[in-house]
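Shown next: final.txt, containing compact mmCIF, C-alpha atoms.
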```txt
# COMPACT_ATOMS: atom_id res chain seq x y z
CA MET A 1 116.55 128.58 120.71
CA LYS A 2 113.61 130.89 121.08
CA LYS A 3 111.58 131.39 117.94
CA THR A 4 109.51 134.30 116.76
CA LEU A 5 106.55 133.43 114.58
CA THR A 6 104.12 135.66 112.75
CA ILE A 7 100.68 134.40 111.86
CA ALA A 8 98.30 136.32 109.63
CA LEU A 9 94.60 135.55 110.04
CA MET A 10 91.71 136.64 107.83
CA ASP A 11 88.59 134.73 108.81
CA PRO A 12 85.95 136.35 110.99
CA PRO A 13 84.91 134.63 114.19
CA TYR A 14 82.12 132.02 113.99
CA GLU A 15 82.45 131.40 110.24
CA SER A 16 85.04 128.67 109.67
CA GLU A 17 87.28 126.08 111.27
CA ASN A 18 90.43 127.98 110.31
CA LEU A 19 90.55 129.94 113.52
CA THR A 20 90.24 126.84 115.67
CA THR A 21 93.30 125.49 113.85
CA ALA A 22 95.08 128.79 114.33
CA PHE A 23 94.39 128.86 118.05
CA ARG A 24 95.60 125.27 118.42
CA ILE A 25 98.90 126.22 116.75
CA LEU A 26 99.21 129.45 118.73
CA ASN A 27 98.53 127.66 122.00
CA VAL A 28 101.30 125.13 121.39
CA ALA A 29 103.75 127.85 120.36
CA ALA A 30 102.87 129.95 123.42
CA GLY A 31 103.40 126.90 125.62
CA ARG A 32 106.92 126.60 124.20
CA GLY A 33 107.70 130.20 125.11
CA TYR A 34 107.85 131.46 121.54
CA ASP A 35 107.30 135.12 120.77
CA LEU A 36 104.21 135.40 118.62
CA ASN A 37 102.96 138.08 116.31
CA VAL A 38 99.41 137.91 115.06
CA PHE A 39 98.15 140.19 112.31
CA ALA A 40 94.36 140.11 112.46
CA TYR A 41 93.25 141.21 109.01
CA GLU A 42 89.77 141.76 107.54
CA GLY A 43 87.21 139.60 109.39
CA ALA A 44 89.82 138.43 111.87
CA SER A 45 89.96 141.98 113.21
CA GLY A 46 86.82 141.04 115.16
CA LEU A 47 88.51 138.22 117.08
CA ALA A 48 89.58 140.44 119.96
CA PHE A 49 86.39 142.54 120.08
CA VAL A 50 85.55 142.68 123.78
CA ARG A 51 81.78 143.01 123.45
CA GLN A 52 81.36 139.41 122.23
CA THR A 53 78.83 137.77 124.54
CA PRO A 54 78.14 134.08 125.17
CA HIS A 55 74.57 133.01 124.57
CA PRO A 56 72.32 130.11 125.60
CA ASN A 57 71.47 127.35 123.13
CA PRO A 58 67.73 126.71 123.13
CA VAL A 59 68.10 123.93 120.54
CA HIS A 60 70.43 122.10 122.92
CA GLY A 61 68.17 123.05 125.83
CA LYS A 62 71.09 124.69 127.63
CA ASN A 63 71.29 127.99 129.45
CA VAL A 64 74.27 130.34 129.15
CA ALA A 65 76.29 128.57 131.85
CA GLU A 66 75.54 125.07 130.56
CA GLU A 67 76.29 125.92 126.94
CA ASN A 68 79.52 127.72 127.92
CA HIS A 69 79.68 129.16 124.43
CA PRO A 70 83.20 130.02 123.28
CA THR A 71 84.13 133.58 122.45
CA THR A 72 87.28 134.36 120.54
CA LYS A 73 87.98 137.35 122.79
CA ASP A 74 88.41 134.91 125.68
CA GLN A 75 90.72 132.78 123.55
CA VAL A 76 92.81 135.83 122.66
CA ALA A 77 93.07 136.84 126.32
CA ALA A 78 94.00 133.27 127.30
CA LEU A 79 96.67 133.19 124.60
CA LEU A 80 98.27 136.37 125.89
CA ALA A 81 98.33 134.97 129.43
CA GLU A 82 99.70 131.60 128.28
CA ALA A 83 102.58 133.25 126.41
CA GLU A 84 103.47 135.40 129.38
CA ARG A 85 103.37 132.40 131.71
CA HIS A 86 105.95 130.62 129.56
CA GLY A 87 108.25 133.57 129.06
CA GLY A 88 107.05 134.63 125.63
CA LYS A 89 104.96 137.49 124.41
CA VAL A 90 102.20 138.08 121.89
CA ASP A 91 102.01 141.17 119.73
CA TRP A 92 98.40 140.94 118.54
CA VAL A 93 97.76 143.60 115.89
CA ASN A 94 94.24 144.42 114.77
CA CYS A 95 94.16 145.94 111.28
CA GLY A 96 92.92 149.48 111.95
CA MET A 97 90.93 150.05 108.77
CA CYS A 98 89.37 146.58 109.05
CA VAL A 99 88.37 147.40 112.61
CA ASP A 100 86.83 150.72 111.58
CA GLU A 101 84.80 149.11 108.79
CA ARG A 102 83.30 146.72 111.27
CA GLY A 103 82.98 148.97 114.30
CA VAL A 104 84.95 146.54 116.44
CA GLY A 105 87.50 148.93 117.86
CA ASP A 106 87.04 147.85 121.46
CA PHE A 107 89.90 145.36 121.86
CA VAL A 108 91.01 142.87 124.46
CA PRO A 109 93.62 144.65 126.61
CA GLY A 110 97.11 143.80 125.44
CA THR A 111 96.18 143.81 121.75
CA ARG A 112 96.64 146.87 119.62
CA ARG A 113 95.61 148.71 116.49
CA GLY A 114 97.98 148.53 113.51
CA SER A 115 98.42 148.63 109.77
CA PRO A 116 99.94 146.65 106.88
CA ALA A 117 103.26 148.28 107.76
CA ASP A 118 103.13 146.34 111.02
CA LEU A 119 102.72 143.07 109.14
CA HIS A 120 105.80 143.96 107.13
CA ALA A 121 107.83 144.82 110.21
CA LEU A 122 106.66 141.77 112.12
CA THR A 123 107.47 139.49 109.21
CA GLU A 124 110.94 140.95 108.86
CA ALA A 125 111.61 140.30 112.53
CA SER A 126 110.27 136.71 112.51
CA ASP A 127 111.79 133.30 111.90
CA ASN A 128 108.78 132.41 109.80
CA LEU A 129 105.37 133.54 108.62
CA LEU A 130 102.22 131.45 108.47
CA VAL A 131 99.25 132.83 106.55
CA ILE A 132 95.84 131.31 107.22
CA PRO A 133 93.70 133.06 104.61
CA THR A 134 90.01 133.12 103.94
CA LYS A 135 89.13 130.64 101.21
CA MET B 1 49.94 124.68 106.53
CA ALA B 2 53.63 125.49 106.26
CA LYS B 3 55.38 125.04 102.95
CA LYS B 4 57.44 121.88 102.93
CA THR B 5 61.10 122.69 102.38
CA LEU B 6 63.83 120.31 101.31
CA ASN B 7 67.17 121.44 102.75
CA ILE B 8 70.28 120.11 101.04
CA ILE B 9 73.21 120.53 103.40
CA GLU B 10 76.56 120.32 101.66
CA SER B 11 78.82 122.68 103.61
CA ALA B 12 80.08 120.60 106.51
CA TYR B 13 81.95 121.27 109.73
CA ARG B 14 81.91 124.98 109.09
CA ALA B 15 82.57 126.80 112.37
CA VAL B 16 81.14 123.89 114.35
CA MET B 17 83.87 124.23 116.98
CA GLU B 18 83.12 127.89 117.57
CA GLU B 19 79.35 127.48 117.39
CA GLN B 20 79.28 124.06 119.07
CA ASP B 21 76.80 122.90 116.45
CA ASP B 22 76.16 123.09 112.71
CA THR B 23 74.62 126.45 111.90
CA ILE B 24 72.11 125.08 109.39
CA MET B 25 70.99 122.12 111.48
CA TRP B 26 70.58 124.57 114.36
CA LEU B 27 68.56 126.95 112.20
CA LEU B 28 66.23 124.18 111.00
CA ALA B 29 65.70 122.90 114.54
CA ALA B 30 64.87 126.40 115.73
CA MET B 31 62.51 126.99 112.78
CA ALA B 32 60.75 123.69 113.46
CA GLY B 33 59.80 125.13 116.82
CA ALA B 34 58.11 127.99 114.95
CA GLY B 35 56.08 125.60 112.81
CA ALA B 36 58.30 125.13 109.77
CA GLN B 37 58.23 121.81 107.93
CA HIS B 38 61.65 120.67 106.86
CA THR B 39 63.36 117.69 105.33
CA VAL B 40 67.13 117.36 105.24
CA VAL B 41 69.38 115.78 102.63
CA LEU B 42 73.05 115.47 103.56
CA ARG B 43 75.33 115.43 100.57
CA GLY B 44 79.06 115.70 99.93
CA ASN B 45 81.19 115.95 103.04
CA ALA B 46 78.09 116.59 105.14
CA VAL B 47 77.19 112.89 104.99
CA ASN B 48 79.84 112.49 107.68
CA TYR B 49 77.46 114.14 110.15
CA ALA B 50 75.56 110.83 110.13
CA VAL B 51 78.52 108.74 111.32
CA ALA B 52 77.84 107.52 114.85
CA GLY B 53 80.31 108.02 117.65
CA GLN B 54 82.18 110.97 116.20
CA GLY B 55 83.46 113.84 118.28
CA ALA B 56 86.19 116.42 118.57
CA PRO B 57 88.25 117.29 121.61
CA GLY B 58 87.41 120.75 122.87
CA LEU B 59 89.77 123.59 122.06
CA THR B 60 92.23 124.60 124.78
CA VAL B 61 94.07 127.90 124.87
CA GLY B 62 96.12 128.30 128.00
CA ASP B 63 93.74 128.20 130.95
CA TRP B 64 90.70 128.54 128.71
CA LYS B 65 89.03 125.22 127.89
CA GLN B 66 86.03 124.42 125.71
CA THR B 67 83.68 122.16 127.65
CA GLN B 68 80.82 121.68 125.18
CA ALA B 69 82.53 120.62 121.96
CA PRO B 70 80.12 119.76 119.13
CA LYS B 71 78.65 116.30 118.65
CA MET B 72 77.23 116.21 115.19
CA ASP B 73 75.77 112.70 115.39
CA ARG B 74 73.88 113.64 118.56
CA ASP B 75 72.51 116.79 116.95
CA LEU B 76 71.41 114.82 113.88
CA VAL B 77 69.54 112.30 116.02
CA ASP B 78 67.91 115.17 117.90
CA LEU B 79 66.84 116.67 114.58
CA MET B 80 65.06 113.44 113.67
CA GLU B 81 63.69 112.41 117.05
CA LYS B 82 62.89 115.71 118.78
CA ARG B 83 62.09 117.89 115.77
CA LYS B 84 60.59 115.12 113.62
CA ILE B 85 62.67 116.23 110.63
CA PRO B 86 63.36 113.40 108.16
CA VAL B 87 67.04 113.11 107.26
CA TYR B 88 68.37 111.53 104.09
CA VAL B 89 71.99 110.90 103.09
CA ILE B 90 73.17 110.47 99.52
CA GLU B 91 74.23 106.84 99.35
CA GLU B 92 76.82 107.41 96.61
CA ASP B 93 78.51 110.11 98.75
CA VAL B 94 78.55 107.73 101.71
CA ALA B 95 80.12 104.99 99.59
CA GLU B 96 82.70 107.29 98.00
CA ARG B 97 84.00 108.18 101.45
CA GLY B 98 84.33 104.57 102.52
CA ILE B 99 81.65 104.89 105.16
CA ASP B 100 79.89 101.63 105.91
CA ARG B 101 76.12 101.83 106.24
CA GLY B 102 76.42 100.19 109.64
CA GLU B 103 78.37 103.21 110.88
CA LEU B 104 75.42 105.57 110.40
CA VAL B 105 73.17 106.70 113.23
CA PRO B 106 69.79 104.94 113.31
CA GLY B 107 66.98 106.73 111.53
CA VAL B 108 68.80 108.26 108.59
CA LYS B 109 67.54 107.16 105.19
CA LEU B 110 69.79 106.44 102.26
CA VAL B 111 68.74 107.97 98.97
CA SER B 112 70.37 107.64 95.57
CA ARG B 113 71.25 110.70 93.52
CA THR B 114 68.95 109.39 90.82
CA ALA B 115 66.04 109.39 93.26
CA LEU B 116 66.45 113.05 94.23
CA PRO B 117 63.99 114.40 91.64
CA GLY B 118 61.30 112.41 93.38
CA LEU B 119 62.16 114.12 96.67
CA PHE B 120 62.22 117.50 94.96
CA ALA B 121 58.70 116.91 93.66
CA GLU B 122 57.42 116.28 97.18
CA HIS B 123 58.54 119.70 98.43
CA ALA B 124 57.38 123.24 97.66
CA LEU B 125 60.80 124.77 98.27
CA ILE B 126 64.39 123.61 97.97
CA SER B 127 67.18 125.26 99.93
CA HIS B 128 70.77 124.34 99.09
CA TRP B 129 73.13 125.24 101.94
```
Would you write the structure of this file as structure tokens?
Amino acid sequence: MKKTLTIALMDPPYESENLTTAFRILNVAAGRGYDLNVFAYEGASGLAFVRQTPHPNPVHGKNVAEENHPTTKDQVAALLAEAERHGGKVDWVNCGMCVDERGVGDFVPGTRRGSPADLHALTEASDNLLVIPTK
Amino acid sequence: MAKKTLNIIESAYRAVMEEQDDTIMWLLAAMAGAGAQHTVVLRGNAVNYAVAGQGAPGLTVGDWKQTQAPKMDRDLVDLMEKRKIPVYVIEEDVAERGIDRGELVPGVKLVSRTALPGLFAEHALISHW
């Protein structure tokens, strides 16, 4: 039976390992065709910011192509595509006020602006809720 | 002559997957290129950076695959060999985690907690990360 999961994220990109864990979970769920809701709160509202840019790593002696630096915006876009490929969908909600505070209102297409009311609605419509908070 | 700085790294594996390195080790390596003189002490969970042969599979999300996952032992060796930054590990923290000394990358020096004041005295600045 198809599941609907909501995951709330708080950490900003490039600051912790929590988001790597979150993306591993989301990737597996998307591969199973689940419907996924993601509420990107506080720092996590920058995950889908489209102006993230990969950089070289002079300490590693690698140029941009060799370093192939991850960007969370690419991971978000890949997650949306993976869900669609397996018959699921992702409702990725970027907390609007969090976005405004940070000036990161330029989202990956397919994600949207929202509010705490969306988290409530998404939670009500889900089989379960997983919160991965900032510690 | 640059001020000698002792850097105690305690926060470990923080965003290393997203950054593909440790942010503090990276910072020290980059500063060494600008003439800074650093020493590193790994304490707490950060002593695990010195365990040889470690590695993490790259993250995969759908068609997106990470190809340059971090290798902390490699970066630590580079810090010592390429940047000439001495690296110490707290031997009690190594022992508490069940890490055998033979598992550590060559070049790291074990130092007891009780010997730290001596290291402090050799440096003008101490940075605790």
**OP:** Up to 12 Å from chain B, what residues of chain A turn up? Count all atoms listed in the file and give them as JSON, numbers by chain.
**Re:** {"A": [11, 12, 13, 14, 15, 16, 17, 18, 19, 20, 21, 22, 23, 24, 25, 26, 27, 28, 29, 30, 31, 32, 47, 54, 55, 56, 57, 58, 59, 60, 61, 62, 64, 65, 66, 67, 68, 69, 70, 71, 72, 73, 74, 75, 76, 77, 78, 79, 80, 81, 82, 83, 84, 85, 86]}
Subject >> Who sits within 10 Å of Ala40 (chain A), all atoms listed in the file, same chain under 3 positions skipped, as a PyMOL selection string >> reply: chain A and resi 7-12+37+43-48+92-96+98-99+113-115+119
Write to file, as an mmCIF file, keeping the file's coordinate frame, the residues of the selection just made, with C-alpha atoms.
```
data_model
loop_
_atom_site.group_PDB
_atom_site.id
_atom_site.type_symbol
_atom_site.label_atom_id
_atom_site.label_comp_id
_atom_site.auth_asym_id
_atom_site.auth_seq_id
_atom_site.Cartn_x
_atom_site.Cartn_y
_atom_site.Cartn_z
ATOM 1 C CA ILE A 7 100.680 134.400 111.860
ATOM 2 C CA ALA A 8 98.300 136.320 109.630
ATOM 3 C CA LEU A 9 94.600 135.550 110.040
ATOM 4 C CA MET A 10 91.710 136.640 107.830
ATOM 5 C CA ASP A 11 88.590 134.730 108.810
ATOM 6 C CA PRO A 12 85.950 136.350 110.990
ATOM 7 C CA ASN A 37 102.960 138.080 116.310
ATOM 8 C CA GLY A 43 87.210 139.600 109.390
ATOM 9 C CA ALA A 44 89.820 138.430 111.870
ATOM 10 C CA SER A 45 89.960 141.980 113.210
ATOM 11 C CA GLY A 46 86.820 141.040 115.160
ATOM 12 C CA LEU A 47 88.510 138.220 117.080
ATOM 13 C CA ALA A 48 89.580 140.440 119.960
ATOM 14 C CA TRP A 92 98.400 140.940 118.540
ATOM 15 C CA VAL A 93 97.760 143.600 115.890
ATOM 16 C CA ASN A 94 94.240 144.420 114.770
ATOM 17 C CA CYS A 95 94.160 145.940 111.280
ATOM 18 C CA GLY A 96 92.920 149.480 111.950
ATOM 19 C CA CYS A 98 89.370 146.580 109.050
ATOM 20 C CA VAL A 99 88.370 147.400 112.610
ATOM 21 C CA ARG A 113 95.610 148.710 116.490
ATOM 22 C CA GLY A 114 97.980 148.530 113.510
ATOM 23 C CA SER A 115 98.420 148.630 109.770
ATOM 24 C CA LEU A 119 102.720 143.070 109.140
#
```
Subject >> Surrounding residues of Asn48 (chain B) excluding itself and chain neighbours under 4 positions, 9 Å, only C-alpha atoms, as a PyMOL selection string >> reply: chain B and resi 12+42-44+52+54+72-73+94+97+99+104
**OP:** Compile the contact shell of Lys3 (chain B) as a VMD selection string: residues with an atom at most 10 Å away, counting all atoms listed in the file, same-chain residues fewer than 3 positions apart removed.
**Re:** chain B and resid 6 35 to 38 123 to 125
Subject >> Contact residues around Ser112 (chain B) with only C-alpha atoms at 12 Å, ignoring same-chain residues under 6 positions, as JSON, numbers by chain >> reply: {"B": [41, 42, 43, 88, 89, 90, 91, 92, 93, 94, 95, 118, 119]}
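Here CA of Gly102 (chain B) and CA of Glu122 (chain B) stand 27.8 Å from one another.
A straight line drawn from CA of Tyr41 (chain A) to CA of Lys2 (chain A) is 25.8 Å long.
In this model, the gap between CA of Ile126 (chain B) and CA of Ile9 (chain B) comes to 10.8 Å.
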**OP:** Show which residues sit within 7 Å of Asp127 (chain A), as a PyMOL selection string. Count only C-alpha atoms, and ignore same-chain residues fewer than 5 positions away.
**Re:** chain A and resi 3-5
Provide an axis-aligned box for all listed atoms of region 68-84 of chain B, padding each side by 6 Å; report its centre and its edge lengths in Å to one decimal, as JSON.
```
{"center_x": 71.6, "center_y": 117.0, "center_z": 119.4, "size_x": 33.9, "size_y": 21.4, "size_z": 23.6}
```
Subject >> For Lys4 (chain B), the nearest of the candidates B:Leu110, B:Ala50, B:Val105, B:Ile85, counting all atoms listed in the file >> reply: B:Ile85
